[in-house]
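Enquirer: Contents of target.cif (mmCIF, N, CA and C atoms):
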data_work
loop_
_atom_site.label_atom_id
_atom_site.label_comp_id
_atom_site.auth_asym_id
_atom_site.auth_seq_id
_atom_site.Cartn_x
_atom_site.Cartn_y
_atom_site.Cartn_z
N MET A 1 109.56 79.82 167.05
CA MET A 1 109.36 80.48 165.77
C MET A 1 108.60 79.57 164.82
N GLY A 2 108.93 78.28 164.81
CA GLY A 2 108.28 77.34 163.91
C GLY A 2 106.82 77.14 164.26
N SER A 3 106.48 77.15 165.56
CA SER A 3 105.09 76.96 165.95
C SER A 3 104.24 78.17 165.56
N TYR A 4 104.82 79.38 165.60
CA TYR A 4 104.10 80.57 165.16
C TYR A 4 103.81 80.49 163.66
N PHE A 5 104.80 80.03 162.91
CA PHE A 5 104.63 79.90 161.46
C PHE A 5 103.52 78.90 161.14
N LYS A 6 103.50 77.78 161.85
CA LYS A 6 102.45 76.78 161.63
C LYS A 6 101.08 77.33 162.01
N ALA A 7 101.00 78.08 163.09
CA ALA A 7 99.73 78.65 163.52
C ALA A 7 99.21 79.66 162.50
N VAL A 8 100.10 80.50 161.98
CA VAL A 8 99.70 81.50 160.99
C VAL A 8 99.26 80.80 159.70
N LEU A 9 100.00 79.79 159.29
CA LEU A 9 99.64 79.04 158.09
C LEU A 9 98.30 78.35 158.25
N LEU A 10 98.04 77.75 159.40
CA LEU A 10 96.76 77.11 159.68
C LEU A 10 95.63 78.13 159.66
N LEU A 11 95.86 79.30 160.23
CA LEU A 11 94.86 80.35 160.23
C LEU A 11 94.53 80.81 158.81
N ILE A 12 95.55 80.94 157.97
CA ILE A 12 95.33 81.35 156.57
C ILE A 12 94.51 80.30 155.84
N VAL A 13 94.84 79.02 156.04
CA VAL A 13 94.10 77.94 155.38
C VAL A 13 92.65 77.92 155.85
N LEU A 14 92.42 78.07 157.15
CA LEU A 14 91.05 78.08 157.68
C LEU A 14 90.25 79.25 157.13
N VAL A 15 90.84 80.44 157.06
CA VAL A 15 90.15 81.60 156.50
C VAL A 15 89.82 81.36 155.03
N ALA A 16 90.75 80.75 154.29
CA ALA A 16 90.49 80.46 152.88
C ALA A 16 89.35 79.46 152.73
N LEU A 17 89.30 78.45 153.59
CA LEU A 17 88.22 77.45 153.52
C LEU A 17 86.86 78.08 153.87
N VAL A 18 86.83 78.92 154.88
CA VAL A 18 85.57 79.55 155.28
C VAL A 18 85.08 80.51 154.20
N THR A 19 85.99 81.32 153.65
CA THR A 19 85.56 82.24 152.60
C THR A 19 85.14 81.50 151.34
N PHE A 20 85.77 80.37 151.05
CA PHE A 20 85.36 79.55 149.91
C PHE A 20 83.95 79.02 150.15
N GLY A 21 83.67 78.56 151.36
CA GLY A 21 82.34 78.07 151.68
C GLY A 21 81.28 79.14 151.59
N ILE A 22 81.61 80.36 152.01
CA ILE A 22 80.65 81.47 151.95
C ILE A 22 80.36 81.84 150.49
N GLN A 23 81.41 81.85 149.67
CA GLN A 23 81.25 82.24 148.27
C GLN A 23 80.54 81.17 147.43
N ASN A 24 80.62 79.90 147.82
CA ASN A 24 80.07 78.79 147.02
C ASN A 24 79.02 78.03 147.80
N ASN A 25 77.96 78.69 148.17
CA ASN A 25 76.94 78.02 148.96
C ASN A 25 75.74 77.58 148.13
N GLU A 26 75.83 77.63 146.78
CA GLU A 26 74.76 77.12 145.96
C GLU A 26 74.68 75.60 146.12
N THR A 27 73.51 75.06 145.86
CA THR A 27 73.36 73.61 146.01
C THR A 27 73.53 72.94 144.66
N VAL A 28 74.05 71.73 144.72
CA VAL A 28 74.21 70.89 143.53
C VAL A 28 73.60 69.54 143.81
N LYS A 29 73.17 68.88 142.77
CA LYS A 29 72.63 67.54 142.89
C LYS A 29 73.57 66.61 142.12
N LEU A 30 74.06 65.59 142.76
CA LEU A 30 74.99 64.66 142.13
C LEU A 30 74.22 63.52 141.50
N TYR A 31 74.61 63.16 140.29
CA TYR A 31 73.98 62.06 139.57
C TYR A 31 74.95 60.90 139.48
N TYR A 32 74.44 59.71 139.78
CA TYR A 32 75.25 58.50 139.75
C TYR A 32 74.81 57.64 138.58
N TYR A 33 75.40 56.48 138.47
CA TYR A 33 75.03 55.53 137.42
C TYR A 33 73.65 54.96 137.68
N LEU A 34 73.04 54.44 136.67
CA LEU A 34 71.74 53.78 136.72
C LEU A 34 70.64 54.71 137.22
N GLY A 35 70.76 55.99 136.93
CA GLY A 35 69.72 56.94 137.26
C GLY A 35 69.63 57.33 138.72
N MET A 36 70.60 56.91 139.55
CA MET A 36 70.57 57.28 140.96
C MET A 36 71.07 58.72 141.11
N ASN A 37 70.45 59.47 141.98
CA ASN A 37 70.93 60.82 142.25
C ASN A 37 70.87 61.08 143.75
N SER A 38 71.54 62.11 144.16
CA SER A 38 71.64 62.40 145.59
C SER A 38 70.74 63.56 145.94
N MET A 39 70.60 63.78 147.22
CA MET A 39 69.90 64.97 147.67
C MET A 39 70.80 66.18 147.43
N PRO A 40 70.28 67.36 147.37
CA PRO A 40 71.11 68.53 147.08
C PRO A 40 72.13 68.81 148.20
N PHE A 41 73.36 69.11 147.77
CA PHE A 41 74.45 69.47 148.68
C PHE A 41 74.99 70.84 148.28
N PRO A 42 75.52 71.60 149.23
CA PRO A 42 76.20 72.85 148.83
C PRO A 42 77.52 72.51 148.12
N VAL A 43 77.94 73.37 147.23
CA VAL A 43 79.16 73.13 146.45
C VAL A 43 80.35 72.97 147.39
N TYR A 44 80.45 73.81 148.39
CA TYR A 44 81.60 73.70 149.30
C TYR A 44 81.59 72.38 150.04
N GLY A 45 80.43 71.81 150.32
CA GLY A 45 80.36 70.51 150.98
C GLY A 45 80.92 69.40 150.10
N VAL A 46 80.60 69.46 148.81
CA VAL A 46 81.13 68.47 147.87
C VAL A 46 82.64 68.61 147.76
N VAL A 47 83.13 69.84 147.68
CA VAL A 47 84.58 70.07 147.56
C VAL A 47 85.29 69.61 148.83
N TYR A 48 84.76 69.97 150.00
CA TYR A 48 85.38 69.55 151.26
C TYR A 48 85.38 68.04 151.41
N ALA A 49 84.25 67.41 151.03
CA ALA A 49 84.17 65.94 151.12
C ALA A 49 85.19 65.29 150.19
N SER A 50 85.38 65.87 149.01
CA SER A 50 86.38 65.33 148.07
C SER A 50 87.79 65.46 148.63
N ILE A 51 88.07 66.59 149.23
CA ILE A 51 89.40 66.80 149.83
C ILE A 51 89.63 65.80 150.96
N LEU A 52 88.64 65.65 151.83
CA LEU A 52 88.78 64.71 152.95
C LEU A 52 88.92 63.28 152.47
N LEU A 53 88.15 62.91 151.42
CA LEU A 53 88.26 61.56 150.86
C LEU A 53 89.66 61.33 150.29
N GLY A 54 90.21 62.33 149.61
CA GLY A 54 91.57 62.21 149.07
C GLY A 54 92.61 62.06 150.17
N ILE A 55 92.46 62.81 151.25
CA ILE A 55 93.38 62.70 152.38
C ILE A 55 93.28 61.31 153.01
N PHE A 56 92.07 60.81 153.15
CA PHE A 56 91.87 59.49 153.75
C PHE A 56 92.50 58.39 152.88
N ILE A 57 92.29 58.46 151.57
CA ILE A 57 92.89 57.46 150.67
C ILE A 57 94.42 57.55 150.72
N GLY A 58 94.95 58.76 150.74
CA GLY A 58 96.41 58.93 150.85
C GLY A 58 96.97 58.36 152.14
N MET A 59 96.21 58.53 153.23
CA MET A 59 96.66 57.96 154.51
C MET A 59 96.65 56.44 154.46
N LEU A 60 95.64 55.84 153.84
CA LEU A 60 95.59 54.39 153.73
C LEU A 60 96.77 53.85 152.92
N ILE A 61 97.09 54.53 151.83
CA ILE A 61 98.23 54.11 151.02
C ILE A 61 99.52 54.28 151.82
N GLY A 62 99.64 55.37 152.56
CA GLY A 62 100.83 55.60 153.38
C GLY A 62 101.00 54.56 154.48
N ILE A 63 99.87 54.15 155.08
CA ILE A 63 99.93 53.15 156.14
C ILE A 63 100.41 51.82 155.58
N SER A 64 99.88 51.44 154.41
CA SER A 64 100.31 50.17 153.82
C SER A 64 101.78 50.21 153.44
N THR A 65 102.24 51.35 152.95
CA THR A 65 103.66 51.48 152.59
C THR A 65 104.54 51.37 153.84
N ARG A 66 104.14 52.03 154.92
CA ARG A 66 104.90 51.95 156.17
C ARG A 66 104.92 50.52 156.70
N PHE A 67 103.80 49.83 156.60
CA PHE A 67 103.75 48.45 157.07
C PHE A 67 104.73 47.59 156.30
N ASN A 68 104.76 47.74 154.97
CA ASN A 68 105.70 46.97 154.15
C ASN A 68 107.14 47.33 154.48
N GLN A 69 107.41 48.61 154.74
CA GLN A 69 108.77 49.03 155.08
C GLN A 69 109.19 48.45 156.42
N ARG A 70 108.28 48.40 157.39
CA ARG A 70 108.62 47.83 158.70
C ARG A 70 108.95 46.35 158.57
N GLN A 71 108.20 45.62 157.72
CA GLN A 71 108.51 44.21 157.51
C GLN A 71 109.89 44.07 156.89
N LYS A 72 110.22 44.90 155.92
CA LYS A 72 111.52 44.85 155.26
C LYS A 72 112.63 45.17 156.27
N ILE A 73 112.41 46.16 157.13
CA ILE A 73 113.40 46.52 158.14
C ILE A 73 113.65 45.35 159.09
N ARG A 74 112.57 44.69 159.53
CA ARG A 74 112.73 43.54 160.43
C ARG A 74 113.52 42.44 159.77
N SER A 75 113.23 42.14 158.51
CA SER A 75 113.97 41.07 157.84
C SER A 75 115.44 41.45 157.65
N LEU A 76 115.71 42.71 157.34
CA LEU A 76 117.11 43.14 157.18
C LEU A 76 117.85 43.14 158.52
N GLU A 77 117.16 43.53 159.61
CA GLU A 77 117.79 43.49 160.93
C GLU A 77 118.11 42.05 161.32
N LYS A 78 117.22 41.12 161.01
CA LYS A 78 117.46 39.70 161.30
C LYS A 78 118.66 39.20 160.50
N GLU A 79 118.71 39.57 159.21
CA GLU A 79 119.83 39.16 158.38
C GLU A 79 121.13 39.76 158.90
N ASN A 80 121.09 41.00 159.37
CA ASN A 80 122.26 41.66 159.93
C ASN A 80 122.74 40.94 161.18
N ARG A 81 121.80 40.57 162.07
CA ARG A 81 122.18 39.83 163.27
C ARG A 81 122.80 38.48 162.91
N ASP A 82 122.21 37.79 161.94
CA ASP A 82 122.75 36.49 161.52
C ASP A 82 124.17 36.63 160.97
N LEU A 83 124.38 37.67 160.16
CA LEU A 83 125.71 37.87 159.60
C LEU A 83 126.72 38.26 160.68
N LYS A 84 126.29 39.08 161.65
CA LYS A 84 127.19 39.45 162.74
C LYS A 84 127.54 38.25 163.60
N SER A 85 126.61 37.30 163.75
CA SER A 85 126.90 36.13 164.57
C SER A 85 127.93 35.22 163.90
N LYS A 86 128.05 35.32 162.58
CA LYS A 86 129.03 34.50 161.86
C LYS A 86 130.44 35.06 161.97
N ILE A 87 130.58 36.33 162.35
CA ILE A 87 131.90 36.94 162.49
C ILE A 87 132.48 36.50 163.83
N PRO A 88 133.74 36.03 163.84
CA PRO A 88 134.33 35.62 165.12
C PRO A 88 134.49 36.82 166.05
N ASP A 89 134.31 36.55 167.34
CA ASP A 89 134.38 37.62 168.34
C ASP A 89 135.80 37.85 168.85
N GLU A 90 136.80 37.25 168.25
CA GLU A 90 138.18 37.39 168.72
C GLU A 90 138.69 38.79 168.43
N LYS A 91 139.43 39.33 169.40
CA LYS A 91 140.06 40.62 169.21
C LYS A 91 141.45 40.39 168.62
N PRO A 92 141.93 41.29 167.81
CA PRO A 92 143.29 41.12 167.30
C PRO A 92 144.29 41.26 168.45
N PRO A 93 145.44 40.57 168.37
CA PRO A 93 146.42 40.66 169.46
C PRO A 93 146.91 42.10 169.61
N GLU A 94 147.04 42.51 170.87
CA GLU A 94 147.47 43.87 171.14
C GLU A 94 148.99 43.94 171.09
N SER A 95 149.50 44.99 170.52
CA SER A 95 150.95 45.16 170.44
C SER A 95 151.41 45.88 171.71
N PRO A 96 152.61 45.58 172.19
CA PRO A 96 153.08 46.20 173.44
C PRO A 96 153.36 47.69 173.30
N ASP A 97 153.64 48.16 172.11
CA ASP A 97 154.00 49.57 171.92
C ASP A 97 152.82 50.35 171.33
N GLU A 98 151.67 50.29 171.98
CA GLU A 98 150.50 50.98 171.46
C GLU A 98 150.65 52.49 171.55
N ASP A 99 151.30 52.98 172.61
CA ASP A 99 151.40 54.42 172.81
C ASP A 99 152.41 55.07 171.87
N GLU A 100 153.41 54.33 171.48
CA GLU A 100 154.43 54.89 170.61
C GLU A 100 153.91 54.95 169.18
N GLU A 101 154.24 56.03 168.53
CA GLU A 101 153.86 56.14 167.13
C GLU A 101 154.84 55.32 166.32
N LYS A 102 154.29 54.58 165.40
CA LYS A 102 155.15 53.76 164.55
C LYS A 102 155.46 54.55 163.29
N THR A 103 156.72 54.83 163.13
CA THR A 103 157.15 55.50 161.92
C THR A 103 158.19 54.62 161.27
N GLU A 104 157.97 54.41 160.03
CA GLU A 104 158.93 53.58 159.30
C GLU A 104 159.61 54.45 158.27
N GLU A 105 160.89 54.19 158.08
CA GLU A 105 161.63 54.88 157.05
C GLU A 105 161.29 54.22 155.73
N LEU A 106 160.84 55.03 154.81
CA LEU A 106 160.55 54.51 153.49
C LEU A 106 161.78 54.65 152.64
N GLU A 107 162.11 53.61 151.95
CA GLU A 107 163.26 53.65 151.08
C GLU A 107 162.79 54.08 149.70
N VAL A 108 163.28 55.23 149.28
CA VAL A 108 162.91 55.78 147.99
C VAL A 108 163.94 55.35 146.98
N PRO A 109 163.50 54.78 145.88
CA PRO A 109 164.49 54.35 144.88
C PRO A 109 165.21 55.56 144.29
N LYS A 110 166.45 55.34 144.00
CA LYS A 110 167.26 56.43 143.47
C LYS A 110 167.00 56.57 141.97
N THR A 111 166.98 57.82 141.55
CA THR A 111 166.78 58.12 140.13
C THR A 111 168.14 58.44 139.51
N PRO A 112 168.22 58.46 138.20
CA PRO A 112 169.51 58.81 137.56
C PRO A 112 169.99 60.21 137.96
N ALA A 113 169.08 61.11 138.24
CA ALA A 113 169.50 62.45 138.65
C ALA A 113 170.17 62.40 140.02
N ASP A 114 169.68 61.53 140.92
CA ASP A 114 170.31 61.39 142.24
C ASP A 114 171.71 60.84 142.10
N GLU A 115 171.89 59.87 141.22
CA GLU A 115 173.21 59.29 141.02
C GLU A 115 174.18 60.33 140.47
N THR A 116 173.69 61.21 139.61
CA THR A 116 174.55 62.27 139.05
C THR A 116 174.96 63.23 140.14
N LEU A 117 174.02 63.59 141.03
CA LEU A 117 174.33 64.50 142.12
C LEU A 117 175.35 63.88 143.08
N GLU A 118 175.21 62.58 143.35
CA GLU A 118 176.17 61.92 144.24
C GLU A 118 177.54 61.89 143.62
N ALA A 119 177.60 61.68 142.33
CA ALA A 119 178.90 61.62 141.63
C ALA A 119 179.58 62.99 141.67
N GLU A 120 178.79 64.06 141.66
CA GLU A 120 179.37 65.41 141.69
C GLU A 120 179.73 65.82 143.11
N GLY A 121 179.31 65.06 144.09
CA GLY A 121 179.66 65.36 145.45
C GLY A 121 178.66 66.22 146.18
N ALA A 122 177.45 66.30 145.70
CA ALA A 122 176.41 67.09 146.36
C ALA A 122 175.93 66.34 147.61
N PRO A 123 175.64 67.07 148.65
CA PRO A 123 175.20 66.40 149.88
C PRO A 123 173.77 65.83 149.73
N GLU A 124 173.51 64.72 150.39
CA GLU A 124 172.17 64.09 150.36
C GLU A 124 171.26 64.80 151.35
N ASN A 125 169.98 64.79 151.07
CA ASN A 125 168.97 65.38 151.98
C ASN A 125 168.56 64.38 153.00
#
Could the structure of this file be written out as structure tokens, please?
Expert:
Amino acid sequence: MGSYFKAVLLLIVLVALVTFGIQNNETVKLYYYLGMNSMPFPVYGVVYASILLGIFIGMLIGISTRFNQRQKIRSLEKENRDLKSKIPDEKPPESPDEDEEKTEELEVPKTPADETLEAEGAPEN
């Protein structure tokens, strides 16, 4: 289902790009600094080139960010290994009654109401 959605979305984007190119086929001349100018380009060519340039710059920034993150991950993994090596590898002593559930009776302190009930002869819970 996801691949069909991606294919339909790609088809819509391609149709939009082609129709944009058909509608904007006039030529433009770009002017640069110091009186330099370019040969005439179609408007859609300038727009497509701008989009591709933006994608390329974004990819370069993303690559540098990933590179920095990988370096940080390596240093943190090394620090983690160093810290783990400092922890002793001894296991805690095993108790002989591992299978039995340990239940302890908790002693609840008596309240004045409990003492009154005992004095009246009420049975304890």
Enquirer: Between atom C of Ile22 (chain A) and atom C of Phe41 (chain A), what is the distance in Å, rounded to a tenth?
Expert: 12.4 Å
Enquirer: Using backbone DSSP assignments, extract all alpha helix (DSSP H) residues from chain A; output them as a PyMOL selection string.
Expert: chain A and resi 2-23+43-86+112-120
Enquirer: For the provided coordinates, the residues matched by the PyMOL selection byres (((chain A and resi 45 and name CA) around 12) and name CA) should be stated as a ChimeraX atom specification.
Expert: /A:17-18,20-22,24-30,40-44,46-53
Enquirer: What is the CA of Gln69 (chain A)-CA of Ser85 (chain A) distance in Å, reported with one decimal?
Expert: 24.2 Å
Enquirer: Can you sort out the box for region 61-77 of chain A, edges along x, y and z, all listed atoms in, 8 Å on every side, with centre and edge lengths in Å to one decimal, as JSON?
Expert:
{"center_x": 107.6, "center_y": 48.3, "center_z": 156.2, "size_x": 37.0, "size_y": 30.5, "size_z": 26.3}
Enquirer: Can you tell me how far atom N of Asp82 (chain A) sits from CA of Gly62 (chain A), in Å to one decimal?
Expert: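 Here the two named atoms are 29.1 Å from each other.
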Enquirer: Give me every strand (DSSP E) residue in chain A, going by DSSP on the backbone, as a list in words.
Expert: Thr27, Val28, Phe41 and Pro42 of chain A
